[in-house]
>>> print(open('protein.txt').read())   # compact mmCIF, N, CA and C atoms
# COMPACT_ATOMS: atom_id res chain seq x y z
N MET A 19 -20.04 -50.23 -71.35
CA MET A 19 -18.76 -50.89 -71.39
C MET A 19 -18.62 -51.60 -72.74
N LEU A 20 -17.43 -51.51 -73.31
CA LEU A 20 -17.14 -52.14 -74.59
C LEU A 20 -16.12 -53.26 -74.39
N ARG A 21 -16.42 -54.39 -74.99
CA ARG A 21 -15.49 -55.52 -74.99
C ARG A 21 -14.95 -55.64 -76.41
N ILE A 22 -13.63 -55.77 -76.53
CA ILE A 22 -12.98 -55.88 -77.83
C ILE A 22 -12.18 -57.17 -77.85
N GLN A 23 -12.42 -57.98 -78.87
CA GLN A 23 -11.67 -59.23 -79.02
C GLN A 23 -11.07 -59.22 -80.41
N ARG A 24 -9.77 -59.48 -80.51
CA ARG A 24 -9.06 -59.48 -81.79
C ARG A 24 -8.79 -60.91 -82.22
N SER A 25 -8.99 -61.18 -83.51
CA SER A 25 -8.63 -62.47 -84.09
C SER A 25 -8.06 -62.23 -85.48
N ALA A 26 -7.27 -63.18 -85.95
CA ALA A 26 -6.67 -63.04 -87.28
C ALA A 26 -6.71 -64.40 -87.97
N ASN A 27 -7.18 -64.35 -89.22
CA ASN A 27 -7.21 -65.55 -90.05
C ASN A 27 -7.27 -65.07 -91.50
N GLY A 28 -6.16 -64.55 -91.99
CA GLY A 28 -6.14 -63.96 -93.32
C GLY A 28 -6.54 -62.50 -93.30
N ARG A 29 -7.29 -62.11 -92.32
CA ARG A 29 -7.64 -60.71 -92.08
C ARG A 29 -7.79 -60.50 -90.58
N ILE A 30 -7.72 -59.28 -90.17
CA ILE A 30 -7.83 -58.93 -88.75
C ILE A 30 -9.30 -58.61 -88.46
N VAL A 31 -9.85 -59.26 -87.44
CA VAL A 31 -11.23 -59.03 -87.05
C VAL A 31 -11.26 -58.59 -85.59
N PHE A 32 -11.85 -57.43 -85.36
CA PHE A 32 -12.11 -56.96 -84.01
C PHE A 32 -13.59 -57.18 -83.75
N THR A 33 -13.92 -58.07 -82.83
CA THR A 33 -15.30 -58.33 -82.46
C THR A 33 -15.64 -57.40 -81.30
N LEU A 34 -16.65 -56.58 -81.50
CA LEU A 34 -17.05 -55.58 -80.51
C LEU A 34 -18.35 -55.99 -79.85
N SER A 35 -18.42 -55.83 -78.54
CA SER A 35 -19.63 -56.17 -77.78
C SER A 35 -19.91 -55.07 -76.77
N GLY A 36 -21.17 -54.65 -76.71
CA GLY A 36 -21.57 -53.65 -75.72
C GLY A 36 -21.76 -52.29 -76.32
N ARG A 37 -21.41 -51.27 -75.55
CA ARG A 37 -21.60 -49.87 -75.94
C ARG A 37 -20.29 -49.29 -76.45
N ILE A 38 -20.38 -48.48 -77.51
CA ILE A 38 -19.20 -47.74 -78.00
C ILE A 38 -19.45 -46.28 -77.68
N GLU A 39 -18.62 -45.73 -76.79
CA GLU A 39 -18.74 -44.34 -76.39
C GLU A 39 -17.43 -43.61 -76.68
N ALA A 40 -17.40 -42.32 -76.42
CA ALA A 40 -16.25 -41.48 -76.79
C ALA A 40 -14.92 -42.04 -76.29
N GLU A 41 -14.87 -42.50 -75.05
CA GLU A 41 -13.61 -43.02 -74.52
C GLU A 41 -13.18 -44.32 -75.21
N ASP A 42 -14.13 -45.07 -75.71
CA ASP A 42 -13.83 -46.31 -76.43
C ASP A 42 -13.25 -46.02 -77.82
N VAL A 43 -13.69 -44.92 -78.41
CA VAL A 43 -13.19 -44.54 -79.74
C VAL A 43 -11.68 -44.35 -79.68
N LYS A 44 -11.19 -43.71 -78.64
CA LYS A 44 -9.74 -43.49 -78.50
C LYS A 44 -9.01 -44.84 -78.45
N GLU A 45 -9.51 -45.77 -77.68
CA GLU A 45 -8.88 -47.09 -77.59
C GLU A 45 -8.93 -47.83 -78.93
N LEU A 46 -10.05 -47.75 -79.60
CA LEU A 46 -10.16 -48.41 -80.91
C LEU A 46 -9.19 -47.80 -81.92
N ARG A 47 -9.06 -46.48 -81.91
CA ARG A 47 -8.10 -45.82 -82.81
C ARG A 47 -6.69 -46.35 -82.56
N GLN A 48 -6.32 -46.46 -81.29
CA GLN A 48 -4.99 -46.95 -80.94
C GLN A 48 -4.79 -48.39 -81.41
N LEU A 49 -5.78 -49.23 -81.22
CA LEU A 49 -5.67 -50.63 -81.65
C LEU A 49 -5.55 -50.73 -83.17
N LEU A 50 -6.34 -49.95 -83.89
CA LEU A 50 -6.29 -49.99 -85.35
C LEU A 50 -4.95 -49.45 -85.87
N ALA A 51 -4.39 -48.47 -85.17
CA ALA A 51 -3.11 -47.90 -85.58
C ALA A 51 -1.97 -48.91 -85.45
N LEU A 52 -2.13 -49.91 -84.58
CA LEU A 52 -1.10 -50.93 -84.40
C LEU A 52 -1.05 -51.95 -85.53
N GLU A 53 -2.12 -52.01 -86.33
CA GLU A 53 -2.17 -52.98 -87.41
C GLU A 53 -1.31 -52.50 -88.59
N LYS A 54 -0.75 -53.44 -89.31
CA LYS A 54 0.11 -53.11 -90.45
C LYS A 54 -0.69 -52.44 -91.56
N SER A 55 -0.03 -51.51 -92.21
CA SER A 55 -0.64 -50.85 -93.36
C SER A 55 -0.92 -51.88 -94.45
N GLY A 56 -2.07 -51.76 -95.08
CA GLY A 56 -2.44 -52.71 -96.13
C GLY A 56 -3.12 -53.97 -95.64
N GLN A 57 -3.15 -54.16 -94.33
CA GLN A 57 -3.81 -55.33 -93.74
C GLN A 57 -5.32 -55.16 -93.83
N ARG A 58 -6.04 -56.21 -94.21
CA ARG A 58 -7.50 -56.14 -94.25
C ARG A 58 -8.03 -56.21 -92.82
N VAL A 59 -8.81 -55.20 -92.45
CA VAL A 59 -9.33 -55.10 -91.09
C VAL A 59 -10.86 -55.01 -91.15
N MET A 60 -11.49 -55.69 -90.19
CA MET A 60 -12.94 -55.71 -90.11
C MET A 60 -13.37 -55.50 -88.66
N LEU A 61 -14.45 -54.77 -88.47
CA LEU A 61 -15.07 -54.64 -87.16
C LEU A 61 -16.37 -55.42 -87.19
N ASP A 62 -16.47 -56.46 -86.37
CA ASP A 62 -17.70 -57.25 -86.27
C ASP A 62 -18.55 -56.63 -85.16
N MET A 63 -19.68 -56.07 -85.55
CA MET A 63 -20.50 -55.30 -84.62
C MET A 63 -21.78 -56.02 -84.22
N ARG A 64 -21.81 -57.33 -84.40
CA ARG A 64 -23.02 -58.11 -84.11
C ARG A 64 -23.57 -57.84 -82.70
N ASP A 65 -22.70 -57.70 -81.71
CA ASP A 65 -23.15 -57.56 -80.32
C ASP A 65 -23.04 -56.14 -79.78
N VAL A 66 -22.96 -55.15 -80.69
CA VAL A 66 -22.94 -53.75 -80.25
C VAL A 66 -24.38 -53.35 -79.95
N THR A 67 -24.59 -52.81 -78.76
CA THR A 67 -25.95 -52.48 -78.33
C THR A 67 -26.26 -50.99 -78.39
N LEU A 68 -25.23 -50.15 -78.30
CA LEU A 68 -25.47 -48.71 -78.25
C LEU A 68 -24.22 -47.98 -78.70
N VAL A 69 -24.40 -46.87 -79.41
CA VAL A 69 -23.28 -46.02 -79.80
C VAL A 69 -23.67 -44.57 -79.55
N ASN A 70 -22.66 -43.71 -79.41
CA ASN A 70 -22.97 -42.28 -79.32
C ASN A 70 -22.47 -41.60 -80.59
N GLN A 71 -22.65 -40.30 -80.68
CA GLN A 71 -22.32 -39.57 -81.90
C GLN A 71 -20.83 -39.67 -82.24
N ASP A 72 -19.96 -39.61 -81.25
CA ASP A 72 -18.52 -39.74 -81.49
C ASP A 72 -18.20 -41.10 -82.13
N ALA A 73 -18.86 -42.13 -81.66
CA ALA A 73 -18.64 -43.47 -82.19
C ALA A 73 -19.11 -43.56 -83.64
N VAL A 74 -20.23 -42.94 -83.95
CA VAL A 74 -20.76 -42.97 -85.32
C VAL A 74 -19.80 -42.25 -86.27
N LYS A 75 -19.29 -41.12 -85.87
CA LYS A 75 -18.31 -40.40 -86.70
C LYS A 75 -17.06 -41.26 -86.91
N PHE A 76 -16.62 -41.92 -85.86
CA PHE A 76 -15.46 -42.81 -85.95
C PHE A 76 -15.74 -43.95 -86.93
N LEU A 77 -16.90 -44.57 -86.82
CA LEU A 77 -17.25 -45.70 -87.69
C LEU A 77 -17.37 -45.25 -89.15
N ALA A 78 -17.90 -44.07 -89.38
CA ALA A 78 -17.96 -43.53 -90.75
C ALA A 78 -16.54 -43.35 -91.29
N GLY A 79 -15.63 -42.88 -90.44
CA GLY A 79 -14.24 -42.72 -90.84
C GLY A 79 -13.58 -44.06 -91.12
N CYS A 80 -13.93 -45.06 -90.34
CA CYS A 80 -13.39 -46.41 -90.57
C CYS A 80 -13.76 -46.88 -91.96
N GLU A 81 -15.02 -46.72 -92.32
CA GLU A 81 -15.45 -47.15 -93.66
C GLU A 81 -14.71 -46.36 -94.74
N ALA A 82 -14.51 -45.09 -94.52
CA ALA A 82 -13.77 -44.27 -95.48
C ALA A 82 -12.33 -44.77 -95.62
N ASP A 83 -11.80 -45.38 -94.57
CA ASP A 83 -10.44 -45.93 -94.58
C ASP A 83 -10.41 -47.41 -94.97
N SER A 84 -11.50 -47.90 -95.55
CA SER A 84 -11.62 -49.28 -96.05
C SER A 84 -11.64 -50.34 -94.95
N ILE A 85 -12.09 -49.95 -93.77
CA ILE A 85 -12.31 -50.92 -92.70
C ILE A 85 -13.76 -51.36 -92.80
N LYS A 86 -13.96 -52.65 -92.96
CA LYS A 86 -15.31 -53.18 -93.15
C LYS A 86 -16.06 -53.27 -91.83
N LEU A 87 -17.32 -52.84 -91.85
CA LEU A 87 -18.19 -52.96 -90.68
C LEU A 87 -19.12 -54.13 -90.95
N GLU A 88 -18.86 -55.23 -90.30
CA GLU A 88 -19.64 -56.46 -90.49
C GLU A 88 -20.74 -56.52 -89.43
N ASN A 89 -21.91 -57.03 -89.81
CA ASN A 89 -23.03 -57.20 -88.86
C ASN A 89 -23.40 -55.90 -88.15
N CYS A 90 -23.32 -54.80 -88.86
CA CYS A 90 -23.62 -53.49 -88.29
C CYS A 90 -25.14 -53.36 -88.12
N PRO A 91 -25.61 -53.07 -86.90
CA PRO A 91 -27.05 -52.92 -86.69
C PRO A 91 -27.63 -51.83 -87.60
N ALA A 92 -28.86 -52.03 -88.05
CA ALA A 92 -29.49 -51.12 -89.01
C ALA A 92 -29.55 -49.68 -88.52
N TYR A 93 -29.84 -49.46 -87.25
CA TYR A 93 -29.94 -48.07 -86.76
C TYR A 93 -28.58 -47.37 -86.80
N ILE A 94 -27.51 -48.12 -86.58
CA ILE A 94 -26.17 -47.54 -86.65
C ILE A 94 -25.83 -47.26 -88.12
N ARG A 95 -26.14 -48.19 -89.00
CA ARG A 95 -25.90 -48.02 -90.43
C ARG A 95 -26.60 -46.76 -90.94
N GLU A 96 -27.84 -46.55 -90.51
CA GLU A 96 -28.61 -45.37 -90.93
C GLU A 96 -27.96 -44.09 -90.41
N TRP A 97 -27.52 -44.11 -89.17
CA TRP A 97 -26.88 -42.94 -88.56
C TRP A 97 -25.58 -42.62 -89.30
N ILE A 98 -24.80 -43.64 -89.64
CA ILE A 98 -23.56 -43.44 -90.40
C ILE A 98 -23.88 -42.79 -91.74
N ALA A 99 -24.92 -43.25 -92.42
CA ALA A 99 -25.31 -42.68 -93.71
C ALA A 99 -25.67 -41.20 -93.56
N GLN A 100 -26.33 -40.85 -92.48
CA GLN A 100 -26.67 -39.45 -92.23
C GLN A 100 -25.41 -38.61 -92.03
N VAL A 101 -24.46 -39.13 -91.28
CA VAL A 101 -23.20 -38.42 -91.05
C VAL A 101 -22.45 -38.22 -92.36
N LYS A 102 -22.40 -39.26 -93.18
CA LYS A 102 -21.73 -39.16 -94.49
C LYS A 102 -22.43 -38.15 -95.38
N GLY A 103 -23.76 -38.13 -95.34
CA GLY A 103 -24.53 -37.18 -96.14
C GLY A 103 -24.24 -35.75 -95.75
N ARG A 104 -24.14 -35.49 -94.47
CA ARG A 104 -23.81 -34.13 -93.99
C ARG A 104 -22.41 -33.73 -94.43
N SER A 105 -21.47 -34.67 -94.38
CA SER A 105 -20.10 -34.38 -94.78
C SER A 105 -20.02 -34.03 -96.26
N LYS A 106 -20.76 -34.75 -97.09
CA LYS A 106 -20.75 -34.47 -98.54
C LYS A 106 -21.35 -33.11 -98.82
N ARG A 107 -22.44 -32.76 -98.14
CA ARG A 107 -23.09 -31.46 -98.36
C ARG A 107 -22.14 -30.32 -97.98
N ARG A 108 -21.38 -30.50 -96.92
CA ARG A 108 -20.45 -29.44 -96.49
C ARG A 108 -19.35 -29.24 -97.52
N ARG A 109 -18.86 -30.33 -98.11
CA ARG A 109 -17.77 -30.23 -99.08
C ARG A 109 -18.21 -29.59 -100.39
N THR A 110 -19.47 -29.73 -100.75
CA THR A 110 -19.94 -29.19 -102.02
C THR A 110 -20.37 -27.73 -101.92
N ARG A 111 -20.40 -27.19 -100.76
CA ARG A 111 -20.81 -25.77 -100.60
C ARG A 111 -19.66 -24.86 -100.85
>>> encode(input="protein.txt", output="structure tokens")
Amino acid sequence: MLRIQRSANGRIVFTLSGRIEAEDVKELRQLLALEKSGQRVMLDMRDVTLVNQDAVKFLAGCEADSIKLENCPAYIREWIAQVKGRSKRRRTR
């Protein structure tokens, strides 16, 4: 289960707690789409305990879209780097 809390103070912060799974990615996409273009958005992942592959691809896309991942656990950061590495290799072939 994923808990999402939104706050704003000069930038939009979504604090995420729990597991991020495929069905949660859809909800997060919808929430992010509601934010104004050009708004600084951050995902605080301090309390994220588990992610699946769909979530990692989503998070890599968030970073590509200039959404900051704050307090991202090291294992998730490493997995995101692997996903980005595979994407770069595919584009250069």
>>> closest_residue(input="protein.txt", among="A:Ala73, A:Glu88, A:Arg21, A:Arg29", to="Arg47 in chain A", atoms="only C-alpha atoms")
A:Ala73
>>> closest_atom_pairs(input="protein.txt", of="range 75-107 of chain A", to="range 62-69 of chain A", cutoff="8 Å", atoms="all atoms listed in the file", output="Markdown table")
| residue | atom | partner | partner_atom | distance |
| --- | --- | --- | --- | --- |
| A:Lys86 | C | A:Asp62 | N | 6.3 |
| A:Leu87 | C | A:Met63 | N | 5.8 |
| A:Glu88 | C | A:Met63 | N | 4.0 |
| A:Asn89 | C | A:Met63 | C | 4.3 |
| A:Cys90 | N | A:Met63 | C | 5.0 |
| A:Pro91 | N | A:Met63 | C | 5.5 |
| A:Ile94 | CA | A:Val69 | N | 7.5 |
>>> closest_residue(input="protein.txt", among="A:Ile38, A:Gln71, A:Ile85, A:Phe32", to="Leu20 in chain A", atoms="only C-alpha atoms")
A:Ile38
>>> select_by_dssp(input="protein.txt", residues="chain A", states="helix (DSSP H, G or I)", output="MDAnalysis selection string")
chainID A and resid 40:51 71:82 92:110
>>> select_by_dssp(input="protein.txt", residues="range 20-54 of chain A", states="strand (DSSP E or B)", output="list in words")
Leu20, Arg21, Ile22, Gln23, Arg24, Ser25, Ala26, Ile30, Val31, Phe32, Thr33, Leu34, Ser35, Gly36, Arg37 and Ile38 of chain A
>>> closest_residue(input="protein.txt", among="A:Val101, A:Ser55, A:Met60, A:Gln48", to="Val74 in chain A", atoms="all atoms listed in the file")
A:Val101
>>> closest_residue(input="protein.txt", among="A:Arg104, A:Arg58, A:Leu77, A:Ala99", to="Val43 in chain A", atoms="all atoms listed in the file")
A:Leu77
>>> closest_residue(input="protein.txt", among="A:Val59, A:Ala82, A:Tyr93, A:Leu50", to="Gly28 in chain A", atoms="only C-alpha atoms")
A:Val59
